[in-house]
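input09.pdb follows; it contains PDB, N, CA and C atoms.
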ATOM      1  N   MET A   4       5.358  55.309 -21.740
ATOM      2  CA  MET A   4       4.913  54.241 -20.852
ATOM      3  C   MET A   4       3.449  54.453 -20.500
ATOM      4  N   ALA A   5       2.702  53.400 -20.589
ATOM      5  CA  ALA A   5       1.269  53.464 -20.314
ATOM      6  C   ALA A   5       0.965  53.060 -18.877
ATOM      7  N   GLN A   6      -0.121  53.593 -18.383
ATOM      8  CA  GLN A   6      -0.627  53.225 -17.058
ATOM      9  C   GLN A   6      -1.672  52.131 -17.249
ATOM     10  N   ILE A   7      -1.635  51.107 -16.416
ATOM     11  CA  ILE A   7      -2.584  49.995 -16.487
ATOM     12  C   ILE A   7      -3.599  50.117 -15.355
ATOM     13  N   ASP A   8      -4.870  50.064 -15.719
ATOM     14  CA  ASP A   8      -5.954  50.019 -14.736
ATOM     15  C   ASP A   8      -6.782  48.764 -14.995
ATOM     16  N   TRP A   9      -7.183  48.104 -13.925
ATOM     17  CA  TRP A   9      -8.014  46.913 -14.003
ATOM     18  C   TRP A   9      -9.425  47.281 -13.548
ATOM     19  N   THR A  10     -10.439  46.906 -14.328
ATOM     20  CA  THR A  10     -11.816  47.112 -13.889
ATOM     21  C   THR A  10     -12.171  46.048 -12.846
ATOM     22  N   LYS A  11     -13.230  46.297 -12.112
ATOM     23  CA  LYS A  11     -13.691  45.309 -11.134
ATOM     24  C   LYS A  11     -14.065  44.004 -11.825
ATOM     25  N   LYS A  12     -14.657  44.097 -13.008
ATOM     26  CA  LYS A  12     -15.032  42.885 -13.745
ATOM     27  C   LYS A  12     -13.813  42.074 -14.162
ATOM     28  N   SER A  13     -12.751  42.754 -14.571
ATOM     29  CA  SER A  13     -11.558  42.022 -14.999
ATOM     30  C   SER A  13     -10.886  41.331 -13.813
ATOM     31  N   VAL A  14     -10.900  41.965 -12.653
ATOM     32  CA  VAL A  14     -10.346  41.337 -11.450
ATOM     33  C   VAL A  14     -11.210  40.139 -11.053
ATOM     34  N   LYS A  15     -12.518  40.295 -11.193
ATOM     35  CA  LYS A  15     -13.440  39.187 -10.906
ATOM     36  C   LYS A  15     -13.200  38.025 -11.877
ATOM     37  N   ASP A  16     -12.933  38.353 -13.148
ATOM     38  CA  ASP A  16     -12.615  37.321 -14.142
ATOM     39  C   ASP A  16     -11.358  36.556 -13.750
ATOM     40  N   LEU A  17     -10.319  37.282 -13.318
ATOM     41  CA  LEU A  17      -9.073  36.641 -12.884
ATOM     42  C   LEU A  17      -9.332  35.671 -11.736
ATOM     43  N   LYS A  18     -10.137  36.116 -10.780
ATOM     44  CA  LYS A  18     -10.446  35.268  -9.636
ATOM     45  C   LYS A  18     -11.209  34.019 -10.075
ATOM     46  N   ALA A  19     -12.160  34.181 -10.980
ATOM     47  CA  ALA A  19     -12.944  33.041 -11.468
ATOM     48  C   ALA A  19     -12.051  32.036 -12.208
ATOM     49  N   ILE A  20     -11.124  32.541 -13.010
ATOM     50  CA  ILE A  20     -10.181  31.660 -13.718
ATOM     51  C   ILE A  20      -9.328  30.917 -12.702
ATOM     52  N   ASN A  21      -8.819  31.641 -11.713
ATOM     53  CA  ASN A  21      -8.009  31.021 -10.666
ATOM     54  C   ASN A  21      -8.809  29.937  -9.924
ATOM     55  N   ASP A  22     -10.030  30.259  -9.547
ATOM     56  CA  ASP A  22     -10.867  29.295  -8.820
ATOM     57  C   ASP A  22     -11.127  28.045  -9.648
ATOM     58  N   TYR A  23     -11.374  28.225 -10.939
ATOM     59  CA  TYR A  23     -11.673  27.087 -11.804
ATOM     60  C   TYR A  23     -10.447  26.183 -11.963
ATOM     61  N   ILE A  24      -9.302  26.762 -12.267
ATOM     62  CA  ILE A  24      -8.094  25.954 -12.455
ATOM     63  C   ILE A  24      -7.668  25.322 -11.128
ATOM     64  N   SER A  25      -7.905  26.023 -10.023
ATOM     65  CA  SER A  25      -7.543  25.509  -8.692
ATOM     66  C   SER A  25      -8.281  24.232  -8.326
ATOM     67  N   LEU A  26      -9.398  23.983  -8.985
ATOM     68  CA  LEU A  26     -10.117  22.732  -8.727
ATOM     69  C   LEU A  26      -9.236  21.526  -9.035
ATOM     70  N   ASP A  27      -8.346  21.684 -10.000
ATOM     71  CA  ASP A  27      -7.410  20.622 -10.359
ATOM     72  C   ASP A  27      -6.033  20.827  -9.735
ATOM     73  N   SER A  28      -5.565  22.086  -9.721
ATOM     74  CA  SER A  28      -4.205  22.336  -9.226
ATOM     75  C   SER A  28      -4.036  23.801  -8.843
ATOM     76  N   THR A  29      -3.754  24.045  -7.584
ATOM     77  CA  THR A  29      -3.497  25.423  -7.156
ATOM     78  C   THR A  29      -2.174  25.927  -7.745
ATOM     79  N   PHE A  30      -1.225  25.038  -7.928
ATOM     80  CA  PHE A  30       0.065  25.409  -8.518
ATOM     81  C   PHE A  30      -0.132  25.951  -9.933
ATOM     82  N   TYR A  31      -0.848  25.196 -10.777
ATOM     83  CA  TYR A  31      -1.051  25.619 -12.161
ATOM     84  C   TYR A  31      -1.975  26.823 -12.259
ATOM     85  N   ALA A  32      -2.894  26.956 -11.320
ATOM     86  CA  ALA A  32      -3.752  28.138 -11.294
ATOM     87  C   ALA A  32      -2.904  29.389 -11.077
ATOM     88  N   ALA A  33      -2.053  29.360 -10.073
ATOM     89  CA  ALA A  33      -1.191  30.508  -9.779
ATOM     90  C   ALA A  33      -0.259  30.796 -10.950
ATOM     91  N   ARG A  34       0.259  29.752 -11.559
ATOM     92  CA  ARG A  34       1.164  29.919 -12.694
ATOM     93  C   ARG A  34       0.462  30.573 -13.880
ATOM     94  N   PHE A  35      -0.779  30.157 -14.144
ATOM     95  CA  PHE A  35      -1.500  30.722 -15.281
ATOM     96  C   PHE A  35      -1.905  32.176 -15.016
ATOM     97  N   ILE A  36      -2.331  32.472 -13.803
ATOM     98  CA  ILE A  36      -2.675  33.850 -13.457
ATOM     99  C   ILE A  36      -1.437  34.743 -13.619
ATOM    100  N   SER A  37      -0.283  34.249 -13.229
ATOM    101  CA  SER A  37       0.963  35.003 -13.418
ATOM    102  C   SER A  37       1.240  35.264 -14.894
ATOM    103  N   LYS A  38       0.948  34.283 -15.747
ATOM    104  CA  LYS A  38       1.132  34.462 -17.189
ATOM    105  C   LYS A  38       0.220  35.562 -17.722
ATOM    106  N   ILE A  39      -1.027  35.572 -17.262
ATOM    107  CA  ILE A  39      -1.966  36.603 -17.707
ATOM    108  C   ILE A  39      -1.464  37.978 -17.278
ATOM    109  N   ILE A  40      -1.059  38.087 -16.028
ATOM    110  CA  ILE A  40      -0.578  39.378 -15.514
ATOM    111  C   ILE A  40       0.668  39.836 -16.272
ATOM    112  N   LYS A  41       1.560  38.912 -16.548
ATOM    113  CA  LYS A  41       2.776  39.259 -17.303
ATOM    114  C   LYS A  41       2.414  39.719 -18.713
ATOM    115  N   ARG A  42       1.449  39.064 -19.335
ATOM    116  CA  ARG A  42       1.006  39.465 -20.679
ATOM    117  C   ARG A  42       0.459  40.895 -20.638
ATOM    118  N   VAL A  43      -0.335  41.205 -19.616
ATOM    119  CA  VAL A  43      -0.891  42.557 -19.471
ATOM    120  C   VAL A  43       0.230  43.574 -19.258
ATOM    121  N   GLU A  44       1.240  43.213 -18.496
ATOM    122  CA  GLU A  44       2.338  44.148 -18.214
ATOM    123  C   GLU A  44       3.115  44.551 -19.461
ATOM    124  N   GLN A  45       3.038  43.758 -20.526
ATOM    125  CA  GLN A  45       3.711  44.155 -21.769
ATOM    126  C   GLN A  45       3.083  45.438 -22.325
ATOM    127  N   LEU A  46       1.844  45.724 -21.930
ATOM    128  CA  LEU A  46       1.158  46.918 -22.420
ATOM    129  C   LEU A  46       1.746  48.207 -21.845
ATOM    130  N   ILE A  47       2.482  48.100 -20.759
ATOM    131  CA  ILE A  47       3.124  49.287 -20.190
ATOM    132  C   ILE A  47       4.058  49.914 -21.232
ATOM    133  N   ASP A  48       4.855  49.090 -21.880
ATOM    134  CA  ASP A  48       5.806  49.588 -22.882
ATOM    135  C   ASP A  48       5.264  49.537 -24.308
ATOM    136  N   PHE A  49       4.316  48.632 -24.554
ATOM    137  CA  PHE A  49       3.782  48.450 -25.909
ATOM    138  C   PHE A  49       2.254  48.425 -25.886
ATOM    139  N   PRO A  50       1.618  49.558 -25.596
ATOM    140  CA  PRO A  50       0.164  49.571 -25.433
ATOM    141  C   PRO A  50      -0.626  49.215 -26.692
ATOM    142  N   GLU A  51      -0.028  49.356 -27.851
ATOM    143  CA  GLU A  51      -0.724  49.026 -29.093
ATOM    144  C   GLU A  51      -0.383  47.625 -29.599
ATOM    145  N   SER A  52       0.227  46.803 -28.754
ATOM    146  CA  SER A  52       0.672  45.485 -29.207
ATOM    147  C   SER A  52      -0.481  44.510 -29.430
ATOM    148  N   GLY A  53      -1.617  44.748 -28.838
ATOM    149  CA  GLY A  53      -2.768  43.875 -29.067
ATOM    150  C   GLY A  53      -3.471  44.234 -30.363
ATOM    151  N   ARG A  54      -4.217  43.279 -30.879
ATOM    152  CA  ARG A  54      -4.959  43.552 -32.113
ATOM    153  C   ARG A  54      -6.324  44.155 -31.786
ATOM    154  N   VAL A  55      -6.902  44.831 -32.757
ATOM    155  CA  VAL A  55      -8.258  45.345 -32.616
ATOM    156  C   VAL A  55      -9.196  44.144 -32.558
ATOM    157  N   VAL A  56     -10.162  44.179 -31.631
ATOM    158  CA  VAL A  56     -11.108  43.065 -31.482
ATOM    159  C   VAL A  56     -11.950  42.974 -32.758
ATOM    160  N   PRO A  57     -11.857  41.864 -33.504
ATOM    161  CA  PRO A  57     -12.533  41.771 -34.795
ATOM    162  C   PRO A  57     -14.065  41.912 -34.706
ATOM    163  N   GLU A  58     -14.645  41.405 -33.622
ATOM    164  CA  GLU A  58     -16.104  41.469 -33.489
ATOM    165  C   GLU A  58     -16.611  42.902 -33.299
ATOM    166  N   LYS A  59     -15.757  43.766 -32.800
ATOM    167  CA  LYS A  59     -16.159  45.147 -32.507
ATOM    168  C   LYS A  59     -15.640  46.134 -33.545
ATOM    169  N   ASN A  60     -14.433  45.905 -34.049
ATOM    170  CA  ASN A  60     -13.799  46.773 -35.039
ATOM    171  C   ASN A  60     -13.756  48.244 -34.595
ATOM    172  N   ILE A  61     -13.427  48.437 -33.317
ATOM    173  CA  ILE A  61     -13.246  49.778 -32.745
ATOM    174  C   ILE A  61     -11.760  49.893 -32.395
ATOM    175  N   PRO A  62     -11.057  50.848 -32.986
ATOM    176  CA  PRO A  62      -9.598  50.926 -32.797
ATOM    177  C   PRO A  62      -9.138  51.002 -31.338
ATOM    178  N   GLU A  63      -9.942  51.567 -30.455
ATOM    179  CA  GLU A  63      -9.551  51.705 -29.045
ATOM    180  C   GLU A  63      -9.740  50.419 -28.243
ATOM    181  N   ILE A  64     -10.550  49.492 -28.752
ATOM    182  CA  ILE A  64     -10.819  48.237 -28.041
ATOM    183  C   ILE A  64      -9.936  47.159 -28.668
ATOM    184  N   ARG A  65      -9.002  46.656 -27.859
ATOM    185  CA  ARG A  65      -8.006  45.712 -28.362
ATOM    186  C   ARG A  65      -7.985  44.461 -27.490
ATOM    187  N   GLU A  66      -7.214  43.481 -27.935
ATOM    188  CA  GLU A  66      -7.106  42.250 -27.157
ATOM    189  C   GLU A  66      -5.718  41.647 -27.273
ATOM    190  N   LEU A  67      -5.362  40.952 -26.203
ATOM    191  CA  LEU A  67      -4.187  40.092 -26.176
ATOM    192  C   LEU A  67      -4.693  38.679 -25.961
ATOM    193  N   ILE A  68      -3.946  37.709 -26.404
ATOM    194  CA  ILE A  68      -4.313  36.308 -26.224
ATOM    195  C   ILE A  68      -3.301  35.668 -25.279
ATOM    196  N   GLU A  69      -3.813  34.927 -24.306
ATOM    197  CA  GLU A  69      -2.953  34.124 -23.427
ATOM    198  C   GLU A  69      -3.655  32.788 -23.226
ATOM    199  N   GLY A  70      -3.058  31.751 -23.782
ATOM    200  CA  GLY A  70      -3.693  30.437 -23.709
ATOM    201  C   GLY A  70      -5.031  30.480 -24.421
ATOM    202  N   ASN A  71      -6.078  30.026 -23.735
ATOM    203  CA  ASN A  71      -7.429  30.033 -24.304
ATOM    204  C   ASN A  71      -8.214  31.272 -23.902
ATOM    205  N   TYR A  72      -7.532  32.293 -23.453
ATOM    206  CA  TYR A  72      -8.216  33.488 -22.953
ATOM    207  C   TYR A  72      -7.880  34.718 -23.777
ATOM    208  N   ARG A  73      -8.888  35.548 -23.935
ATOM    209  CA  ARG A  73      -8.754  36.827 -24.610
ATOM    210  C   ARG A  73      -8.792  37.913 -23.540
ATOM    211  N   ILE A  74      -7.799  38.752 -23.536
ATOM    212  CA  ILE A  74      -7.704  39.843 -22.572
ATOM    213  C   ILE A  74      -8.111  41.117 -23.303
ATOM    214  N   PHE A  75      -9.317  41.596 -23.023
ATOM    215  CA  PHE A  75      -9.832  42.790 -23.689
ATOM    216  C   PHE A  75      -9.399  44.034 -22.931
ATOM    217  N   TYR A  76      -8.953  45.033 -23.676
ATOM    218  CA  TYR A  76      -8.570  46.283 -23.038
ATOM    219  C   TYR A  76      -8.926  47.477 -23.915
ATOM    220  N   LYS A  77      -9.041  48.615 -23.259
ATOM    221  CA  LYS A  77      -9.328  49.866 -23.947
ATOM    222  C   LYS A  77      -8.089  50.740 -23.856
ATOM    223  N   LEU A  78      -7.698  51.274 -24.983
ATOM    224  CA  LEU A  78      -6.510  52.113 -25.060
ATOM    225  C   LEU A  78      -6.943  53.552 -25.318
ATOM    226  N   LYS A  79      -6.553  54.424 -24.402
ATOM    227  CA  LYS A  79      -6.853  55.846 -24.557
ATOM    228  C   LYS A  79      -5.598  56.625 -24.181
ATOM    229  N   LYS A  80      -4.925  57.149 -25.198
ATOM    230  CA  LYS A  80      -3.644  57.840 -25.041
ATOM    231  C   LYS A  80      -2.654  56.933 -24.306
ATOM    232  N   GLU A  81      -2.214  57.305 -23.139
ATOM    233  CA  GLU A  81      -1.241  56.506 -22.377
ATOM    234  C   GLU A  81      -1.904  55.760 -21.227
ATOM    235  N   LYS A  82      -3.186  55.480 -21.357
ATOM    236  CA  LYS A  82      -3.905  54.743 -20.319
ATOM    237  C   LYS A  82      -4.515  53.485 -20.926
ATOM    238  N   VAL A  83      -4.244  52.352 -20.293
ATOM    239  CA  VAL A  83      -4.790  51.067 -20.714
ATOM    240  C   VAL A  83      -5.722  50.584 -19.604
ATOM    241  N   THR A  84      -6.959  50.298 -19.978
ATOM    242  CA  THR A  84      -7.927  49.780 -19.015
ATOM    243  C   THR A  84      -8.261  48.350 -19.400
ATOM    244  N   ILE A  85      -7.959  47.407 -18.510
ATOM    245  CA  ILE A  85      -8.280  46.007 -18.753
ATOM    246  C   ILE A  85      -9.777  45.844 -18.489
ATOM    247  N   LEU A  86     -10.499  45.462 -19.533
ATOM    248  CA  LEU A  86     -11.951  45.387 -19.443
ATOM    249  C   LEU A  86     -12.447  44.027 -18.961
ATOM    250  N   ARG A  87     -12.011  42.974 -19.626
ATOM    251  CA  ARG A  87     -12.459  41.615 -19.286
ATOM    252  C   ARG A  87     -11.385  40.620 -19.683
ATOM    253  N   ILE A  88     -11.468  39.439 -19.085
ATOM    254  CA  ILE A  88     -10.635  38.303 -19.480
ATOM    255  C   ILE A  88     -11.632  37.191 -19.779
ATOM    256  N   HIS A  89     -11.662  36.787 -21.030
ATOM    257  CA  HIS A  89     -12.767  35.976 -21.532
ATOM    258  C   HIS A  89     -12.246  34.692 -22.176
ATOM    259  N   ASN A  90     -12.878  33.568 -21.873
ATOM    260  CA  ASN A  90     -12.500  32.319 -22.513
ATOM    261  C   ASN A  90     -12.808  32.408 -24.008
ATOM    262  N   ALA A  91     -11.848  32.086 -24.836
ATOM    263  CA  ALA A  91     -11.998  32.236 -26.281
ATOM    264  C   ALA A  91     -13.066  31.325 -26.875
ATOM    265  N   SER A  92     -13.440  30.264 -26.182
ATOM    266  CA  SER A  92     -14.455  29.356 -26.721
ATOM    267  C   SER A  92     -15.870  29.904 -26.549
ATOM    268  N   ARG A  93     -16.001  30.959 -25.755
ATOM    269  CA  ARG A  93     -17.328  31.554 -25.529
ATOM    270  C   ARG A  93     -17.524  32.774 -26.421
ATOM    271  N   LYS A  94     -18.765  32.996 -26.818
ATOM    272  CA  LYS A  94     -19.069  34.188 -27.608
ATOM    273  C   LYS A  94     -19.008  35.415 -26.722
ATOM    274  N   ILE A  95     -18.617  36.548 -27.334
ATOM    275  CA  ILE A  95     -18.615  37.791 -26.574
ATOM    276  C   ILE A  95     -19.901  38.543 -26.888
ATOM    277  N   LYS A  96     -20.285  39.387 -25.940
ATOM    278  CA  LYS A  96     -21.530  40.161 -26.116
ATOM    279  C   LYS A  96     -21.247  41.451 -26.825
TER     280      LYS A  96
END

Here is the file; what I need is its structure written in the form of structure tokens.
Amino acid sequence: MAQIDWTKKSVKDLKAINDYISLDSTFYAARFISKIIKRVEQLIDFPESGRVVPEKNIPEIRELIEGNYRIFYKLKKEKVTILRIHNASRKIK
């Protein structure tokens, strides 16, 4: 079982996504944030379930997809660090 840690940037990303969707519907914002969190929780039992980020090609940097968002994380032994949650339509740095 892996331990999940969220960076400050990833928490800020979650809040920004929530704020943006809330402009139309607080209900759907909360529902989508729950989906993202549930997707991340799958890493507790299956930390290698995400694919390697193609733009980086570094085995430790992986991603999960939820809707139009890419959830970037770093895998180091039994520790998963959520790095960012990024809209898939935007380029990554």

Would you mind listing what lies within 8 Å of range 12-20 of chain A as an MDAnalysis selection string, with only N, CA and C atoms counted and same-chain residues fewer than 2 positions away left out?
chainID A and resid 9:10 22:26 32:33 35:36 85:89

Length of the CA of Lys82 in chain A to CA of Glu69 in chain A vector [Å]:
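A separation of 20.9 Å between them.
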
Kindly resolve the PyMOL selection byres (((chain A and resi 79 and name CA) around 12) and name CA) on the present coordinates and return the residues as a list in words.
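In the shown coordinates, the PyMOL selection byres (((chain A and resi 79 and name CA) around 12) and name CA) covers Ala5, Gln6, Ile7, Asp8, Pro50, Glu51, Pro62, Glu63, Ile64, Arg65, Tyr76, Lys77, Leu78, Lys80, Glu81, Lys82, Val83, Thr84 and Ile85 of chain A.
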
Atoms to include: N, CA and C atoms. Write the selected residues as a CSV table (one decimal), in the frame of the given file.
chain,number,residue,atom,x,y,z
A,5,ALA,N,2.7,53.4,-20.6
A,5,ALA,CA,1.3,53.5,-20.3
A,5,ALA,C,1.0,53.1,-18.9
A,6,GLN,N,-0.1,53.6,-18.4
A,6,GLN,CA,-0.6,53.2,-17.1
A,6,GLN,C,-1.7,52.1,-17.2
A,7,ILE,N,-1.6,51.1,-16.4
A,7,ILE,CA,-2.6,50.0,-16.5
A,7,ILE,C,-3.6,50.1,-15.4
A,8,ASP,N,-4.9,50.1,-15.7
A,8,ASP,CA,-6.0,50.0,-14.7
A,8,ASP,C,-6.8,48.8,-15.0
A,50,PRO,N,1.6,49.6,-25.6
A,50,PRO,CA,0.2,49.6,-25.4
A,50,PRO,C,-0.6,49.2,-26.7
A,51,GLU,N,0.0,49.4,-27.9
A,51,GLU,CA,-0.7,49.0,-29.1
A,51,GLU,C,-0.4,47.6,-29.6
A,62,PRO,N,-11.1,50.8,-33.0
A,62,PRO,CA,-9.6,50.9,-32.8
A,62,PRO,C,-9.1,51.0,-31.3
A,63,GLU,N,-9.9,51.6,-30.5
A,63,GLU,CA,-9.6,51.7,-29.0
A,63,GLU,C,-9.7,50.4,-28.2
A,64,ILE,N,-10.6,49.5,-28.8
A,64,ILE,CA,-10.8,48.2,-28.0
A,64,ILE,C,-9.9,47.2,-28.7
A,65,ARG,N,-9.0,46.7,-27.9
A,65,ARG,CA,-8.0,45.7,-28.4
A,65,ARG,C,-8.0,44.5,-27.5
A,76,TYR,N,-9.0,45.0,-23.7
A,76,TYR,CA,-8.6,46.3,-23.0
A,76,TYR,C,-8.9,47.5,-23.9
A,77,LYS,N,-9.0,48.6,-23.3
A,77,LYS,CA,-9.3,49.9,-23.9
A,77,LYS,C,-8.1,50.7,-23.9
A,78,LEU,N,-7.7,51.3,-25.0
A,78,LEU,CA,-6.5,52.1,-25.1
A,78,LEU,C,-6.9,53.6,-25.3
A,80,LYS,N,-4.9,57.1,-25.2
A,80,LYS,CA,-3.6,57.8,-25.0
A,80,LYS,C,-2.7,56.9,-24.3
A,81,GLU,N,-2.2,57.3,-23.1
A,81,GLU,CA,-1.2,56.5,-22.4
A,81,GLU,C,-1.9,55.8,-21.2
A,82,LYS,N,-3.2,55.5,-21.4
A,82,LYS,CA,-3.9,54.7,-20.3
A,82,LYS,C,-4.5,53.5,-20.9
A,83,VAL,N,-4.2,52.4,-20.3
A,83,VAL,CA,-4.8,51.1,-20.7
A,83,VAL,C,-5.7,50.6,-19.6
A,84,THR,N,-7.0,50.3,-20.0
A,84,THR,CA,-7.9,49.8,-19.0
A,84,THR,C,-8.3,48.4,-19.4
A,85,ILE,N,-8.0,47.4,-18.5
A,85,ILE,CA,-8.3,46.0,-18.8
A,85,ILE,C,-9.8,45.8,-18.5

One decimal, in Å: what's the spacing between CA of Met4 in chain A and CA of Ile47 in chain A?
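Going from CA of Met4 in chain A over to CA of Ile47 in chain A covers 5.3 Å.
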
Run DSSP on the backbone and tell me which residues of chain A come out as strand (DSSP E); list them as a PyMOL selection string.
chain A and resi 6-9+54-55+64-69+72-79+82-90

Just list the residues in chain A DSSP gives helix (DSSP H, G or I) on the backbone, as a ChimeraX atom specification.
/A:11-25,29-48

Using N, CA and C atoms, can you export the residues from the last selection as a CSV table (one decimal), keeping the file's coordinate frame?
chain,number,residue,atom,x,y,z
A,11,LYS,N,-13.2,46.3,-12.1
A,11,LYS,CA,-13.7,45.3,-11.1
A,11,LYS,C,-14.1,44.0,-11.8
A,12,LYS,N,-14.7,44.1,-13.0
A,12,LYS,CA,-15.0,42.9,-13.7
A,12,LYS,C,-13.8,42.1,-14.2
A,13,SER,N,-12.8,42.8,-14.6
A,13,SER,CA,-11.6,42.0,-15.0
A,13,SER,C,-10.9,41.3,-13.8
A,14,VAL,N,-10.9,42.0,-12.7
A,14,VAL,CA,-10.3,41.3,-11.4
A,14,VAL,C,-11.2,40.1,-11.1
A,15,LYS,N,-12.5,40.3,-11.2
A,15,LYS,CA,-13.4,39.2,-10.9
A,15,LYS,C,-13.2,38.0,-11.9
A,16,ASP,N,-12.9,38.4,-13.1
A,16,ASP,CA,-12.6,37.3,-14.1
A,16,ASP,C,-11.4,36.6,-13.8
A,17,LEU,N,-10.3,37.3,-13.3
A,17,LEU,CA,-9.1,36.6,-12.9
A,17,LEU,C,-9.3,35.7,-11.7
A,18,LYS,N,-10.1,36.1,-10.8
A,18,LYS,CA,-10.4,35.3,-9.6
A,18,LYS,C,-11.2,34.0,-10.1
A,19,ALA,N,-12.2,34.2,-11.0
A,19,ALA,CA,-12.9,33.0,-11.5
A,19,ALA,C,-12.1,32.0,-12.2
A,20,ILE,N,-11.1,32.5,-13.0
A,20,ILE,CA,-10.2,31.7,-13.7
A,20,ILE,C,-9.3,30.9,-12.7
A,21,ASN,N,-8.8,31.6,-11.7
A,21,ASN,CA,-8.0,31.0,-10.7
A,21,ASN,C,-8.8,29.9,-9.9
A,22,ASP,N,-10.0,30.3,-9.5
A,22,ASP,CA,-10.9,29.3,-8.8
A,22,ASP,C,-11.1,28.0,-9.6
A,23,TYR,N,-11.4,28.2,-10.9
A,23,TYR,CA,-11.7,27.1,-11.8
A,23,TYR,C,-10.4,26.2,-12.0
A,24,ILE,N,-9.3,26.8,-12.3
A,24,ILE,CA,-8.1,26.0,-12.5
A,24,ILE,C,-7.7,25.3,-11.1
A,25,SER,N,-7.9,26.0,-10.0
A,25,SER,CA,-7.5,25.5,-8.7
A,25,SER,C,-8.3,24.2,-8.3
A,29,THR,N,-3.8,24.0,-7.6
A,29,THR,CA,-3.5,25.4,-7.2
A,29,THR,C,-2.2,25.9,-7.7
A,30,PHE,N,-1.2,25.0,-7.9
A,30,PHE,CA,0.1,25.4,-8.5
A,30,PHE,C,-0.1,26.0,-9.9
A,31,TYR,N,-0.8,25.2,-10.8
A,31,TYR,CA,-1.1,25.6,-12.2
A,31,TYR,C,-2.0,26.8,-12.3
A,32,ALA,N,-2.9,27.0,-11.3
A,32,ALA,CA,-3.8,28.1,-11.3
A,32,ALA,C,-2.9,29.4,-11.1
A,33,ALA,N,-2.1,29.4,-10.1
A,33,ALA,CA,-1.2,30.5,-9.8
A,33,ALA,C,-0.3,30.8,-11.0
A,34,ARG,N,0.3,29.8,-11.6
A,34,ARG,CA,1.2,29.9,-12.7
A,34,ARG,C,0.5,30.6,-13.9
A,35,PHE,N,-0.8,30.2,-14.1
A,35,PHE,CA,-1.5,30.7,-15.3
A,35,PHE,C,-1.9,32.2,-15.0
A,36,ILE,N,-2.3,32.5,-13.8
A,36,ILE,CA,-2.7,33.8,-13.5
A,36,ILE,C,-1.4,34.7,-13.6
A,37,SER,N,-0.3,34.2,-13.2
A,37,SER,CA,1.0,35.0,-13.4
A,37,SER,C,1.2,35.3,-14.9
A,38,LYS,N,0.9,34.3,-15.7
A,38,LYS,CA,1.1,34.5,-17.2
A,38,LYS,C,0.2,35.6,-17.7
A,39,ILE,N,-1.0,35.6,-17.3
A,39,ILE,CA,-2.0,36.6,-17.7
A,39,ILE,C,-1.5,38.0,-17.3
A,40,ILE,N,-1.1,38.1,-16.0
A,40,ILE,CA,-0.6,39.4,-15.5
A,40,ILE,C,0.7,39.8,-16.3
A,41,LYS,N,1.6,38.9,-16.5
A,41,LYS,CA,2.8,39.3,-17.3
A,41,LYS,C,2.4,39.7,-18.7
A,42,ARG,N,1.4,39.1,-19.3
A,42,ARG,CA,1.0,39.5,-20.7
A,42,ARG,C,0.5,40.9,-20.6
A,43,VAL,N,-0.3,41.2,-19.6
A,43,VAL,CA,-0.9,42.6,-19.5
A,43,VAL,C,0.2,43.6,-19.3
A,44,GLU,N,1.2,43.2,-18.5
A,44,GLU,CA,2.3,44.1,-18.2
A,44,GLU,C,3.1,44.6,-19.5
A,45,GLN,N,3.0,43.8,-20.5
A,45,GLN,CA,3.7,44.2,-21.8
A,45,GLN,C,3.1,45.4,-22.3
A,46,LEU,N,1.8,45.7,-21.9
A,46,LEU,CA,1.2,46.9,-22.4
A,46,LEU,C,1.7,48.2,-21.8
A,47,ILE,N,2.5,48.1,-20.8
A,47,ILE,CA,3.1,49.3,-20.2
A,47,ILE,C,4.1,49.9,-21.2
A,48,ASP,N,4.9,49.1,-21.9
A,48,ASP,CA,5.8,49.6,-22.9
A,48,ASP,C,5.3,49.5,-24.3
